[in-house]
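Note: the block below is final-v3.cif and it holds mmCIF, N, CA and C atoms.
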data_coords
loop_
_atom_site.label_atom_id
_atom_site.label_comp_id
_atom_site.auth_asym_id
_atom_site.auth_seq_id
_atom_site.Cartn_x
_atom_site.Cartn_y
_atom_site.Cartn_z
N GLN B 10 -95.30 -19.61 172.90
CA GLN B 10 -94.84 -19.16 171.60
C GLN B 10 -93.37 -18.77 171.68
N VAL B 11 -92.70 -18.81 170.54
CA VAL B 11 -91.27 -18.54 170.49
C VAL B 11 -91.02 -17.23 169.76
N GLN B 12 -90.02 -16.47 170.22
CA GLN B 12 -89.65 -15.21 169.59
C GLN B 12 -88.73 -15.49 168.40
N LEU B 13 -89.05 -14.88 167.26
CA LEU B 13 -88.29 -15.12 166.03
C LEU B 13 -87.96 -13.79 165.37
N VAL B 14 -86.76 -13.67 164.81
CA VAL B 14 -86.34 -12.46 164.10
C VAL B 14 -85.69 -12.86 162.79
N GLU B 15 -86.24 -12.36 161.69
CA GLU B 15 -85.72 -12.65 160.37
C GLU B 15 -84.76 -11.57 159.90
N SER B 16 -83.87 -11.95 158.99
CA SER B 16 -82.96 -11.00 158.37
C SER B 16 -82.51 -11.56 157.03
N GLY B 17 -81.90 -10.69 156.20
CA GLY B 17 -81.32 -11.15 154.95
C GLY B 17 -82.09 -10.79 153.70
N GLY B 18 -83.25 -10.18 153.85
CA GLY B 18 -84.01 -9.80 152.68
C GLY B 18 -83.35 -8.66 151.92
N GLY B 19 -83.88 -8.38 150.74
CA GLY B 19 -83.33 -7.29 149.95
C GLY B 19 -83.89 -7.27 148.55
N LEU B 20 -83.29 -6.42 147.72
CA LEU B 20 -83.69 -6.27 146.33
C LEU B 20 -82.64 -6.95 145.45
N VAL B 21 -83.09 -7.91 144.65
CA VAL B 21 -82.19 -8.64 143.76
C VAL B 21 -82.82 -8.74 142.38
N GLN B 22 -82.03 -9.20 141.43
CA GLN B 22 -82.53 -9.40 140.08
C GLN B 22 -82.93 -10.86 139.87
N ALA B 23 -83.77 -11.07 138.91
CA ALA B 23 -84.18 -12.43 138.58
C ALA B 23 -82.94 -13.28 138.27
N GLY B 24 -82.94 -14.49 138.83
CA GLY B 24 -81.81 -15.38 138.64
C GLY B 24 -80.78 -15.32 139.76
N ASP B 25 -80.86 -14.29 140.58
CA ASP B 25 -79.92 -14.14 141.70
C ASP B 25 -80.28 -15.07 142.84
N SER B 26 -79.39 -15.07 143.84
CA SER B 26 -79.60 -15.86 145.05
C SER B 26 -79.65 -14.95 146.26
N LEU B 27 -80.29 -15.45 147.30
CA LEU B 27 -80.41 -14.71 148.55
C LEU B 27 -80.54 -15.73 149.67
N ARG B 28 -79.97 -15.41 150.82
CA ARG B 28 -80.07 -16.30 151.98
C ARG B 28 -80.73 -15.56 153.13
N LEU B 29 -81.85 -16.08 153.57
CA LEU B 29 -82.55 -15.54 154.72
C LEU B 29 -82.12 -16.28 155.98
N SER B 30 -82.09 -15.54 157.08
CA SER B 30 -81.76 -16.13 158.37
C SER B 30 -82.85 -15.81 159.37
N CYS B 31 -82.98 -16.68 160.34
CA CYS B 31 -83.96 -16.49 161.40
C CYS B 31 -83.30 -16.92 162.71
N THR B 32 -83.39 -16.07 163.69
CA THR B 32 -82.79 -16.38 164.97
C THR B 32 -83.84 -16.40 166.08
N SER B 33 -83.56 -17.22 167.08
CA SER B 33 -84.46 -17.31 168.22
C SER B 33 -83.63 -17.31 169.50
N SER B 34 -84.22 -16.76 170.55
CA SER B 34 -83.54 -16.77 171.84
C SER B 34 -84.13 -17.83 172.77
N ASP B 35 -85.08 -18.59 172.24
CA ASP B 35 -85.79 -19.56 173.07
C ASP B 35 -84.90 -20.77 173.36
N SER B 36 -84.80 -21.14 174.62
CA SER B 36 -83.95 -22.26 175.02
C SER B 36 -84.49 -23.60 174.55
N THR B 37 -85.78 -23.64 174.18
CA THR B 37 -86.39 -24.89 173.71
C THR B 37 -86.46 -24.93 172.18
N PHE B 38 -85.67 -24.14 171.51
CA PHE B 38 -85.72 -24.01 170.05
C PHE B 38 -85.66 -25.36 169.35
N SER B 39 -84.84 -26.26 169.82
CA SER B 39 -84.66 -27.55 169.14
C SER B 39 -85.90 -28.44 169.20
N MET B 40 -86.89 -28.05 170.02
CA MET B 40 -88.11 -28.83 170.12
C MET B 40 -89.15 -28.40 169.08
N TYR B 41 -88.84 -27.37 168.31
CA TYR B 41 -89.79 -26.81 167.36
C TYR B 41 -89.51 -27.26 165.93
N ALA B 42 -90.58 -27.59 165.22
CA ALA B 42 -90.50 -27.69 163.77
C ALA B 42 -90.53 -26.24 163.27
N MET B 43 -89.68 -25.96 162.29
CA MET B 43 -89.55 -24.59 161.80
C MET B 43 -89.96 -24.50 160.33
N GLY B 44 -90.38 -23.33 159.94
CA GLY B 44 -90.79 -23.15 158.56
C GLY B 44 -90.60 -21.73 158.08
N TRP B 45 -90.78 -21.56 156.80
CA TRP B 45 -90.81 -20.23 156.19
C TRP B 45 -92.13 -20.08 155.45
N LEU B 46 -92.76 -18.95 155.67
CA LEU B 46 -93.99 -18.59 155.00
C LEU B 46 -93.72 -17.30 154.23
N ARG B 47 -94.57 -16.95 153.29
CA ARG B 47 -94.42 -15.67 152.59
C ARG B 47 -95.77 -15.10 152.23
N GLN B 48 -95.80 -13.78 152.08
CA GLN B 48 -97.03 -13.11 151.71
C GLN B 48 -96.72 -12.00 150.72
N ALA B 49 -97.28 -12.14 149.53
CA ALA B 49 -97.12 -11.13 148.49
C ALA B 49 -98.24 -10.11 148.62
N PRO B 50 -98.05 -8.91 148.10
CA PRO B 50 -99.08 -7.87 148.20
C PRO B 50 -100.40 -8.34 147.60
N GLY B 51 -101.46 -8.18 148.37
CA GLY B 51 -102.79 -8.54 147.90
C GLY B 51 -103.09 -10.02 147.90
N LYS B 52 -102.18 -10.82 148.43
CA LYS B 52 -102.37 -12.27 148.45
C LYS B 52 -102.34 -12.80 149.87
N GLU B 53 -102.86 -14.00 150.04
CA GLU B 53 -102.83 -14.64 151.34
C GLU B 53 -101.42 -15.17 151.64
N ARG B 54 -101.14 -15.32 152.92
CA ARG B 54 -99.87 -15.90 153.32
C ARG B 54 -99.82 -17.35 152.84
N GLU B 55 -98.67 -17.76 152.32
CA GLU B 55 -98.55 -19.11 151.80
C GLU B 55 -97.33 -19.83 152.39
N PHE B 56 -97.44 -21.13 152.44
CA PHE B 56 -96.35 -21.98 152.94
C PHE B 56 -95.23 -22.04 151.90
N VAL B 57 -93.98 -21.99 152.38
CA VAL B 57 -92.82 -22.08 151.51
C VAL B 57 -92.03 -23.37 151.78
N ALA B 58 -91.62 -23.55 153.04
CA ALA B 58 -90.78 -24.70 153.37
C ALA B 58 -90.83 -24.95 154.87
N SER B 59 -90.53 -26.19 155.25
CA SER B 59 -90.46 -26.53 156.67
C SER B 59 -89.38 -27.57 156.90
N ILE B 60 -88.98 -27.68 158.16
CA ILE B 60 -87.91 -28.61 158.50
C ILE B 60 -88.19 -29.22 159.86
N ARG B 61 -87.91 -30.51 159.97
CA ARG B 61 -88.10 -31.23 161.20
C ARG B 61 -87.17 -30.70 162.30
N TRP B 62 -87.53 -30.93 163.55
CA TRP B 62 -86.71 -30.42 164.65
C TRP B 62 -85.26 -30.88 164.55
N SER B 63 -85.06 -32.10 164.06
CA SER B 63 -83.71 -32.67 163.97
C SER B 63 -82.94 -32.14 162.77
N GLY B 64 -83.65 -31.56 161.81
CA GLY B 64 -83.00 -31.05 160.61
C GLY B 64 -82.77 -32.10 159.55
N ASP B 65 -83.22 -33.32 159.75
CA ASP B 65 -82.92 -34.40 158.82
C ASP B 65 -83.98 -34.61 157.75
N SER B 66 -85.01 -33.79 157.77
CA SER B 66 -86.04 -33.90 156.74
C SER B 66 -86.69 -32.55 156.54
N SER B 67 -87.06 -32.25 155.31
CA SER B 67 -87.67 -30.97 154.98
C SER B 67 -88.75 -31.16 153.93
N TYR B 68 -89.55 -30.12 153.79
CA TYR B 68 -90.70 -30.18 152.87
C TYR B 68 -90.84 -28.83 152.21
N TYR B 69 -91.19 -28.84 150.91
CA TYR B 69 -91.26 -27.59 150.15
C TYR B 69 -92.56 -27.49 149.36
N SER B 70 -92.98 -26.26 149.14
CA SER B 70 -94.09 -26.05 148.23
C SER B 70 -93.60 -26.31 146.81
N ASP B 71 -94.53 -26.65 145.95
CA ASP B 71 -94.16 -26.94 144.56
C ASP B 71 -93.51 -25.74 143.88
N SER B 72 -93.90 -24.54 144.28
CA SER B 72 -93.41 -23.34 143.61
C SER B 72 -91.93 -23.06 143.88
N VAL B 73 -91.38 -23.63 144.94
CA VAL B 73 -89.98 -23.36 145.28
C VAL B 73 -89.11 -24.61 145.27
N LYS B 74 -89.72 -25.76 145.13
CA LYS B 74 -88.97 -27.02 145.16
C LYS B 74 -87.88 -27.03 144.10
N GLY B 75 -86.68 -27.40 144.51
CA GLY B 75 -85.55 -27.42 143.59
C GLY B 75 -84.79 -26.11 143.52
N ARG B 76 -85.36 -25.04 144.07
CA ARG B 76 -84.69 -23.73 144.05
C ARG B 76 -84.34 -23.25 145.46
N PHE B 77 -85.17 -23.57 146.43
CA PHE B 77 -84.97 -23.13 147.81
C PHE B 77 -84.53 -24.31 148.67
N THR B 78 -83.72 -24.01 149.68
CA THR B 78 -83.29 -25.02 150.64
C THR B 78 -83.40 -24.46 152.05
N ILE B 79 -84.12 -25.18 152.90
CA ILE B 79 -84.23 -24.80 154.30
C ILE B 79 -83.25 -25.63 155.12
N SER B 80 -82.65 -25.00 156.11
CA SER B 80 -81.73 -25.71 156.99
C SER B 80 -81.79 -25.07 158.37
N ARG B 81 -81.22 -25.76 159.35
CA ARG B 81 -81.23 -25.22 160.71
C ARG B 81 -79.98 -25.61 161.45
N ASP B 82 -79.64 -24.81 162.45
CA ASP B 82 -78.52 -25.08 163.34
C ASP B 82 -79.06 -24.92 164.75
N ASN B 83 -79.38 -26.02 165.38
CA ASN B 83 -80.00 -25.95 166.71
C ASN B 83 -79.05 -25.38 167.76
N ALA B 84 -77.77 -25.61 167.61
CA ALA B 84 -76.80 -25.07 168.57
C ALA B 84 -76.80 -23.54 168.55
N LYS B 85 -77.00 -22.97 167.36
CA LYS B 85 -77.03 -21.52 167.21
C LYS B 85 -78.45 -20.96 167.26
N LYS B 86 -79.45 -21.85 167.32
CA LYS B 86 -80.85 -21.44 167.32
C LYS B 86 -81.16 -20.62 166.07
N MET B 87 -80.75 -21.14 164.94
CA MET B 87 -80.91 -20.44 163.68
C MET B 87 -81.61 -21.34 162.66
N VAL B 88 -82.37 -20.71 161.79
CA VAL B 88 -82.96 -21.37 160.63
C VAL B 88 -82.62 -20.52 159.41
N TYR B 89 -82.36 -21.20 158.30
CA TYR B 89 -81.96 -20.49 157.09
C TYR B 89 -82.85 -20.89 155.92
N LEU B 90 -82.94 -19.99 154.96
CA LEU B 90 -83.61 -20.30 153.70
C LEU B 90 -82.71 -19.81 152.57
N GLN B 91 -82.07 -20.74 151.90
CA GLN B 91 -81.24 -20.42 150.74
C GLN B 91 -82.14 -20.39 149.52
N MET B 92 -82.19 -19.25 148.86
CA MET B 92 -83.06 -19.07 147.71
C MET B 92 -82.22 -18.84 146.46
N ASN B 93 -82.30 -19.76 145.53
CA ASN B 93 -81.56 -19.66 144.28
C ASN B 93 -82.52 -19.47 143.10
N SER B 94 -81.98 -19.02 142.00
CA SER B 94 -82.79 -18.83 140.78
C SER B 94 -84.07 -18.07 141.07
N LEU B 95 -83.94 -16.97 141.75
CA LEU B 95 -85.11 -16.20 142.17
C LEU B 95 -85.88 -15.66 140.97
N LYS B 96 -87.20 -15.61 141.15
CA LYS B 96 -88.10 -15.14 140.11
C LYS B 96 -88.89 -13.94 140.64
N PRO B 97 -89.39 -13.08 139.77
CA PRO B 97 -90.21 -11.95 140.24
C PRO B 97 -91.39 -12.40 141.09
N GLU B 98 -91.95 -13.56 140.79
CA GLU B 98 -93.09 -14.06 141.57
C GLU B 98 -92.71 -14.51 142.98
N ASP B 99 -91.41 -14.53 143.28
CA ASP B 99 -90.96 -14.81 144.64
C ASP B 99 -91.00 -13.57 145.53
N THR B 100 -91.29 -12.42 144.93
CA THR B 100 -91.37 -11.18 145.70
C THR B 100 -92.46 -11.28 146.76
N ALA B 101 -92.07 -11.04 148.01
CA ALA B 101 -93.00 -11.16 149.13
C ALA B 101 -92.29 -10.78 150.42
N VAL B 102 -93.06 -10.66 151.47
CA VAL B 102 -92.50 -10.61 152.82
C VAL B 102 -92.37 -12.05 153.30
N TYR B 103 -91.19 -12.41 153.74
CA TYR B 103 -90.92 -13.77 154.17
C TYR B 103 -90.90 -13.83 155.70
N TYR B 104 -91.63 -14.78 156.24
CA TYR B 104 -91.76 -14.94 157.69
C TYR B 104 -91.17 -16.27 158.13
N CYS B 105 -90.37 -16.22 159.17
CA CYS B 105 -89.93 -17.42 159.85
C CYS B 105 -91.05 -17.85 160.79
N ALA B 106 -91.32 -19.15 160.85
CA ALA B 106 -92.44 -19.63 161.66
C ALA B 106 -92.03 -20.87 162.45
N ALA B 107 -92.76 -21.10 163.53
CA ALA B 107 -92.42 -22.23 164.41
C ALA B 107 -93.67 -22.88 164.97
N ILE B 108 -93.57 -24.16 165.25
CA ILE B 108 -94.62 -24.89 165.92
C ILE B 108 -93.95 -25.97 166.77
N LEU B 109 -94.38 -26.09 168.01
CA LEU B 109 -93.84 -27.11 168.89
C LEU B 109 -94.18 -28.49 168.32
N ALA B 110 -93.15 -29.29 168.04
CA ALA B 110 -93.36 -30.57 167.38
C ALA B 110 -94.01 -31.58 168.33
N PRO B 111 -95.17 -32.12 167.97
CA PRO B 111 -95.83 -33.11 168.83
C PRO B 111 -95.16 -34.47 168.82
N ASN B 112 -94.37 -34.72 167.78
CA ASN B 112 -93.61 -35.97 167.69
C ASN B 112 -92.37 -35.73 166.84
N SER B 113 -91.48 -36.70 166.79
CA SER B 113 -90.19 -36.53 166.13
C SER B 113 -90.28 -36.42 164.61
N ASP B 114 -91.40 -36.85 164.02
CA ASP B 114 -91.54 -36.83 162.56
C ASP B 114 -92.19 -35.55 162.05
N TYR B 115 -92.73 -34.76 162.93
CA TYR B 115 -93.58 -33.64 162.53
C TYR B 115 -92.79 -32.51 161.88
N MET B 116 -93.34 -31.93 160.79
CA MET B 116 -92.68 -30.79 160.15
C MET B 116 -93.60 -29.58 160.04
N GLY B 117 -94.89 -29.84 159.78
CA GLY B 117 -95.76 -28.71 159.48
C GLY B 117 -95.69 -28.42 158.00
N THR B 118 -96.81 -28.49 157.31
CA THR B 118 -96.83 -28.29 155.86
C THR B 118 -97.87 -27.28 155.42
N ARG B 119 -98.54 -26.64 156.36
CA ARG B 119 -99.55 -25.65 156.03
C ARG B 119 -99.38 -24.42 156.91
N VAL B 120 -99.82 -23.28 156.40
CA VAL B 120 -99.68 -22.02 157.12
C VAL B 120 -100.30 -22.11 158.50
N ASN B 121 -101.50 -22.66 158.60
CA ASN B 121 -102.23 -22.62 159.87
C ASN B 121 -101.73 -23.62 160.90
N GLU B 122 -100.69 -24.37 160.56
CA GLU B 122 -100.09 -25.28 161.54
C GLU B 122 -99.07 -24.56 162.43
N PHE B 123 -98.60 -23.41 161.99
CA PHE B 123 -97.58 -22.68 162.73
C PHE B 123 -98.24 -21.64 163.64
N ASP B 124 -97.76 -21.53 164.89
CA ASP B 124 -98.39 -20.60 165.82
C ASP B 124 -97.47 -19.49 166.29
N SER B 125 -96.26 -19.43 165.77
CA SER B 125 -95.36 -18.32 166.08
C SER B 125 -94.67 -17.89 164.80
N TRP B 126 -94.50 -16.60 164.63
CA TRP B 126 -93.75 -16.10 163.48
C TRP B 126 -93.17 -14.75 163.80
N GLY B 127 -92.16 -14.36 163.03
CA GLY B 127 -91.51 -13.08 163.24
C GLY B 127 -92.22 -11.97 162.49
N ARG B 128 -91.55 -10.81 162.41
CA ARG B 128 -92.14 -9.66 161.74
C ARG B 128 -91.93 -9.70 160.23
N GLY B 129 -91.04 -10.55 159.78
CA GLY B 129 -90.85 -10.71 158.35
C GLY B 129 -89.70 -9.89 157.79
N THR B 130 -89.23 -10.30 156.62
CA THR B 130 -88.20 -9.58 155.89
C THR B 130 -88.60 -9.53 154.42
N GLN B 131 -88.46 -8.35 153.82
CA GLN B 131 -88.93 -8.14 152.45
C GLN B 131 -87.91 -8.68 151.44
N VAL B 132 -88.42 -9.43 150.50
CA VAL B 132 -87.63 -9.90 149.36
C VAL B 132 -88.28 -9.37 148.10
N THR B 133 -87.53 -8.64 147.31
CA THR B 133 -88.04 -8.10 146.06
C THR B 133 -87.15 -8.55 144.92
N VAL B 134 -87.75 -9.18 143.93
CA VAL B 134 -87.01 -9.70 142.78
C VAL B 134 -87.45 -8.94 141.54
N SER B 135 -86.53 -8.22 140.93
CA SER B 135 -86.86 -7.45 139.73
C SER B 135 -86.58 -8.28 138.49
N SER B 136 -87.34 -8.01 137.44
CA SER B 136 -87.20 -8.78 136.20
C SER B 136 -86.17 -8.18 135.28
#
Just dump the structure as structure tokens.
Amino acid sequence: QVQLVESGGGLVQAGDSLRLSCTSSDSTFSMYAMGWLRQAPGKEREFVASIRWSGDSSYYSDSVKGRFTISRDNAKKMVYLQMNSLKPEDTAVYYCAAILAPNSDYMGTRVNEFDSWGRGTQVTVSS
């Protein structure tokens, strides 16, 4: 498993933007497909976005498609989630997640595909 630390959460208003960051110290970081998951109070953890190890392809849940963008910098061992046009329903704890990619095309599109995650960062969107 890989160690992950998220940052960048906070309290914003609806319509604002926020950028989350995730850092890893693992030397094999570039071998992992990375993702972002989130969990709202009283709800199950849900998939938000994922990105291939190479960074050349990504996948989003329908609820964030067109508003959120995931990216990565393998040299810096960082993953980012740019969140635009935030809505109150985006309020949740956001977790950076990782899974060792079994092949070059793999991204991970479901919560239970990821086997490492950080402690999370709180995002609160007020109306």
Can you list, as JSON, numbers by chain, every protein, DNA or RNA residue that comes within 6.5 Å of region 14-20 of chain B when you count all atoms listed in the file, leaving out same-chain residues fewer than 2 positions away?
-> {"B": [12, 22, 28, 29, 30, 31, 32, 33, 105, 127, 128, 129, 130, 131, 132, 133, 134, 135]}
Name the residues that the PyMOL selection byres ((chain B and resi 50) around 8) picks from the file above, as a ChimeraX atom specification, using the file's chain letters and numbers.
-> /B:47-49,51-53,100-102
Apply the PyMOL selection byres ((chain B and resi 76) around 6.5) to the displayed file and report the matching residues as a PyMOL selection string.
-> chain B and resi 73-75+77-78+91-94
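The space separating CA of Ser80 (chain B) from CA of Gly64 (chain B) comes to 6.6 Å.
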Run through the PyMOL selection byres ((chain B and resi 62) around 6) on the given coordinates and return the selected residues as a ChimeraX atom specification.
-> /B:39-43,60-61,63-65,115
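Pairwise distance (atom N of Arg81 (chain B), atom C of Phe56 (chain B)) equals 16.3 Å.
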Per-residue DSSP, region 32-129 of chain B, filtered to strand (DSSP E or B), as a PyMOL selection string = chain B and resi 32-33+41-48+55-60+67-69+77-82+87-92+101-109+125-126
Could you save those same residues with N, CA and C atoms as a short mmCIF file (atom, residue, chain, number, x, y, z; two decimals), keeping the file's coordinate frame?
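Writing done, so here's part-v9.cif:
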data_model
loop_
_atom_site.label_atom_id
_atom_site.label_comp_id
_atom_site.auth_asym_id
_atom_site.auth_seq_id
_atom_site.Cartn_x
_atom_site.Cartn_y
_atom_site.Cartn_z
N THR B 32 -83.39 -16.07 163.69
CA THR B 32 -82.79 -16.38 164.97
C THR B 32 -83.84 -16.40 166.08
N SER B 33 -83.56 -17.22 167.08
CA SER B 33 -84.46 -17.31 168.22
C SER B 33 -83.63 -17.31 169.50
N TYR B 41 -88.84 -27.37 168.31
CA TYR B 41 -89.79 -26.81 167.36
C TYR B 41 -89.51 -27.26 165.93
N ALA B 42 -90.58 -27.59 165.22
CA ALA B 42 -90.50 -27.69 163.77
C ALA B 42 -90.53 -26.24 163.27
N MET B 43 -89.68 -25.96 162.29
CA MET B 43 -89.55 -24.59 161.80
C MET B 43 -89.96 -24.50 160.33
N GLY B 44 -90.38 -23.33 159.94
CA GLY B 44 -90.79 -23.15 158.56
C GLY B 44 -90.60 -21.73 158.08
N TRP B 45 -90.78 -21.56 156.80
CA TRP B 45 -90.81 -20.23 156.19
C TRP B 45 -92.13 -20.08 155.45
N LEU B 46 -92.76 -18.95 155.67
CA LEU B 46 -93.99 -18.59 155.00
C LEU B 46 -93.72 -17.30 154.23
N ARG B 47 -94.57 -16.95 153.29
CA ARG B 47 -94.42 -15.67 152.59
C ARG B 47 -95.77 -15.10 152.23
N GLN B 48 -95.80 -13.78 152.08
CA GLN B 48 -97.03 -13.11 151.71
C GLN B 48 -96.72 -12.00 150.72
N GLU B 55 -98.67 -17.76 152.32
CA GLU B 55 -98.55 -19.11 151.80
C GLU B 55 -97.33 -19.83 152.39
N PHE B 56 -97.44 -21.13 152.44
CA PHE B 56 -96.35 -21.98 152.94
C PHE B 56 -95.23 -22.04 151.90
N VAL B 57 -93.98 -21.99 152.38
CA VAL B 57 -92.82 -22.08 151.51
C VAL B 57 -92.03 -23.37 151.78
N ALA B 58 -91.62 -23.55 153.04
CA ALA B 58 -90.78 -24.70 153.37
C ALA B 58 -90.83 -24.95 154.87
N SER B 59 -90.53 -26.19 155.25
CA SER B 59 -90.46 -26.53 156.67
C SER B 59 -89.38 -27.57 156.90
N ILE B 60 -88.98 -27.68 158.16
CA ILE B 60 -87.91 -28.61 158.50
C ILE B 60 -88.19 -29.22 159.86
N SER B 67 -87.06 -32.25 155.31
CA SER B 67 -87.67 -30.97 154.98
C SER B 67 -88.75 -31.16 153.93
N TYR B 68 -89.55 -30.12 153.79
CA TYR B 68 -90.70 -30.18 152.87
C TYR B 68 -90.84 -28.83 152.21
N TYR B 69 -91.19 -28.84 150.91
CA TYR B 69 -91.26 -27.59 150.15
C TYR B 69 -92.56 -27.49 149.36
N PHE B 77 -85.17 -23.57 146.43
CA PHE B 77 -84.97 -23.13 147.81
C PHE B 77 -84.53 -24.31 148.67
N THR B 78 -83.72 -24.01 149.68
CA THR B 78 -83.29 -25.02 150.64
C THR B 78 -83.40 -24.46 152.05
N ILE B 79 -84.12 -25.18 152.90
CA ILE B 79 -84.23 -24.80 154.30
C ILE B 79 -83.25 -25.63 155.12
N SER B 80 -82.65 -25.00 156.11
CA SER B 80 -81.73 -25.71 156.99
C SER B 80 -81.79 -25.07 158.37
N ARG B 81 -81.22 -25.76 159.35
CA ARG B 81 -81.23 -25.22 160.71
C ARG B 81 -79.98 -25.61 161.45
N ASP B 82 -79.64 -24.81 162.45
CA ASP B 82 -78.52 -25.08 163.34
C ASP B 82 -79.06 -24.92 164.75
N MET B 87 -80.75 -21.14 164.94
CA MET B 87 -80.91 -20.44 163.68
C MET B 87 -81.61 -21.34 162.66
N VAL B 88 -82.37 -20.71 161.79
CA VAL B 88 -82.96 -21.37 160.63
C VAL B 88 -82.62 -20.52 159.41
N TYR B 89 -82.36 -21.20 158.30
CA TYR B 89 -81.96 -20.49 157.09
C TYR B 89 -82.85 -20.89 155.92
N LEU B 90 -82.94 -19.99 154.96
CA LEU B 90 -83.61 -20.30 153.70
C LEU B 90 -82.71 -19.81 152.57
N GLN B 91 -82.07 -20.74 151.90
CA GLN B 91 -81.24 -20.42 150.74
C GLN B 91 -82.14 -20.39 149.52
N MET B 92 -82.19 -19.25 148.86
CA MET B 92 -83.06 -19.07 147.71
C MET B 92 -82.22 -18.84 146.46
N ALA B 101 -92.07 -11.04 148.01
CA ALA B 101 -93.00 -11.16 149.13
C ALA B 101 -92.29 -10.78 150.42
N VAL B 102 -93.06 -10.66 151.47
CA VAL B 102 -92.50 -10.61 152.82
C VAL B 102 -92.37 -12.05 153.30
N TYR B 103 -91.19 -12.41 153.74
CA TYR B 103 -90.92 -13.77 154.17
C TYR B 103 -90.90 -13.83 155.70
N TYR B 104 -91.63 -14.78 156.24
CA TYR B 104 -91.76 -14.94 157.69
C TYR B 104 -91.17 -16.27 158.13
N CYS B 105 -90.37 -16.22 159.17
CA CYS B 105 -89.93 -17.42 159.85
C CYS B 105 -91.05 -17.85 160.79
N ALA B 106 -91.32 -19.15 160.85
CA ALA B 106 -92.44 -19.63 161.66
C ALA B 106 -92.03 -20.87 162.45
N ALA B 107 -92.76 -21.10 163.53
CA ALA B 107 -92.42 -22.23 164.41
C ALA B 107 -93.67 -22.88 164.97
N ILE B 108 -93.57 -24.16 165.25
CA ILE B 108 -94.62 -24.89 165.92
C ILE B 108 -93.95 -25.97 166.77
N LEU B 109 -94.38 -26.09 168.01
CA LEU B 109 -93.84 -27.11 168.89
C LEU B 109 -94.18 -28.49 168.32
N SER B 125 -96.26 -19.43 165.77
CA SER B 125 -95.36 -18.32 166.08
C SER B 125 -94.67 -17.89 164.80
N TRP B 126 -94.50 -16.60 164.63
CA TRP B 126 -93.75 -16.10 163.48
C TRP B 126 -93.17 -14.75 163.80
#
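Using only C-alpha atoms, the shortest contact distance between Ala84 (chain B) and any of B:Ser34, B:Leu109, B:Asp99, B:Gly44 is found at B:Ser34.
Of the listed residues B:Glu55, B:Asp82, B:Asp71, B:Glu98, the one whose atoms come nearest to Phe123 (chain B) is B:Glu55, with distances taken using only C-alpha atoms.
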In Å, rounded to a single decimal, give me how far CA of Ser36 (chain B) is from CA of Tyr69 (chain B).
-> 26.5 Å
Could you please write out, as number ranges by chain, every residue of chain B that DSSP assigns to helix (DSSP H, G or I)?
-> B: 38-40, 97-99, 120-122
Could you name the residues that touch Val57 (chain B) at 6 Å or less, counting only C-alpha atoms, but leaving out those on the same chain fewer than 3 positions away, as a ChimeraX atom specification?
-> /B:45-46,69-70
Take the residues from that selection and write them out as a short mmCIF file (atom, residue, chain, number, x, y, z; two decimals), in the coordinates of the input, keeping N, CA and C atoms.
data_model
loop_
_atom_site.label_atom_id
_atom_site.label_comp_id
_atom_site.auth_asym_id
_atom_site.auth_seq_id
_atom_site.Cartn_x
_atom_site.Cartn_y
_atom_site.Cartn_z
N TRP B 45 -90.78 -21.56 156.80
CA TRP B 45 -90.81 -20.23 156.19
C TRP B 45 -92.13 -20.08 155.45
N LEU B 46 -92.76 -18.95 155.67
CA LEU B 46 -93.99 -18.59 155.00
C LEU B 46 -93.72 -17.30 154.23
N TYR B 69 -91.19 -28.84 150.91
CA TYR B 69 -91.26 -27.59 150.15
C TYR B 69 -92.56 -27.49 149.36
N SER B 70 -92.98 -26.26 149.14
CA SER B 70 -94.09 -26.05 148.23
C SER B 70 -93.60 -26.31 146.81
#
Could you complete region 106-113 of chain B so that it carries N, CA, C and O atoms, and give it back as a PDB file, keeping the file's coordinate frame?
ATOM      1  N   ALA B 106     -91.320 -19.150 160.850  1.00  0.00           N
ATOM      2  CA  ALA B 106     -92.440 -19.630 161.660  1.00  0.00           C
ATOM      3  C   ALA B 106     -92.030 -20.870 162.450  1.00  0.00           C
ATOM      4  O   ALA B 106     -91.109 -21.594 162.063  1.00  0.00           O
ATOM      5  N   ALA B 107     -92.760 -21.100 163.530  1.00  0.00           N
ATOM      6  CA  ALA B 107     -92.420 -22.230 164.410  1.00  0.00           C
ATOM      7  C   ALA B 107     -93.670 -22.880 164.970  1.00  0.00           C
ATOM      8  O   ALA B 107     -94.714 -22.236 165.122  1.00  0.00           O
ATOM      9  N   ILE B 108     -93.570 -24.160 165.250  1.00  0.00           N
ATOM     10  CA  ILE B 108     -94.620 -24.890 165.920  1.00  0.00           C
ATOM     11  C   ILE B 108     -93.950 -25.970 166.770  1.00  0.00           C
ATOM     12  O   ILE B 108     -93.037 -26.679 166.291  1.00  0.00           O
ATOM     13  N   LEU B 109     -94.380 -26.090 168.010  1.00  0.00           N
ATOM     14  CA  LEU B 109     -93.840 -27.110 168.890  1.00  0.00           C
ATOM     15  C   LEU B 109     -94.180 -28.490 168.320  1.00  0.00           C
ATOM     16  O   LEU B 109     -95.341 -28.805 168.094  1.00  0.00           O
ATOM     17  N   ALA B 110     -93.150 -29.290 168.040  1.00  0.00           N
ATOM     18  CA  ALA B 110     -93.360 -30.570 167.380  1.00  0.00           C
ATOM     19  C   ALA B 110     -94.010 -31.580 168.330  1.00  0.00           C
ATOM     20  O   ALA B 110     -93.441 -31.869 169.383  1.00  0.00           O
ATOM     21  N   PRO B 111     -95.170 -32.120 167.970  1.00  0.00           N
ATOM     22  CA  PRO B 111     -95.830 -33.110 168.830  1.00  0.00           C
ATOM     23  C   PRO B 111     -95.160 -34.470 168.820  1.00  0.00           C
ATOM     24  O   PRO B 111     -95.382 -35.282 169.711  1.00  0.00           O
ATOM     25  N   ASN B 112     -94.370 -34.720 167.780  1.00  0.00           N
ATOM     26  CA  ASN B 112     -93.610 -35.970 167.690  1.00  0.00           C
ATOM     27  C   ASN B 112     -92.370 -35.730 166.840  1.00  0.00           C
ATOM     28  O   ASN B 112     -92.232 -34.675 166.220  1.00  0.00           O
ATOM     29  N   SER B 113     -91.480 -36.700 166.790  1.00  0.00           N
ATOM     30  CA  SER B 113     -90.190 -36.530 166.130  1.00  0.00           C
ATOM     31  C   SER B 113     -90.280 -36.420 164.610  1.00  0.00           C
ATOM     32  O   SER B 113     -89.355 -35.956 163.959  1.00  0.00           O
TER      33      SER B 113
END
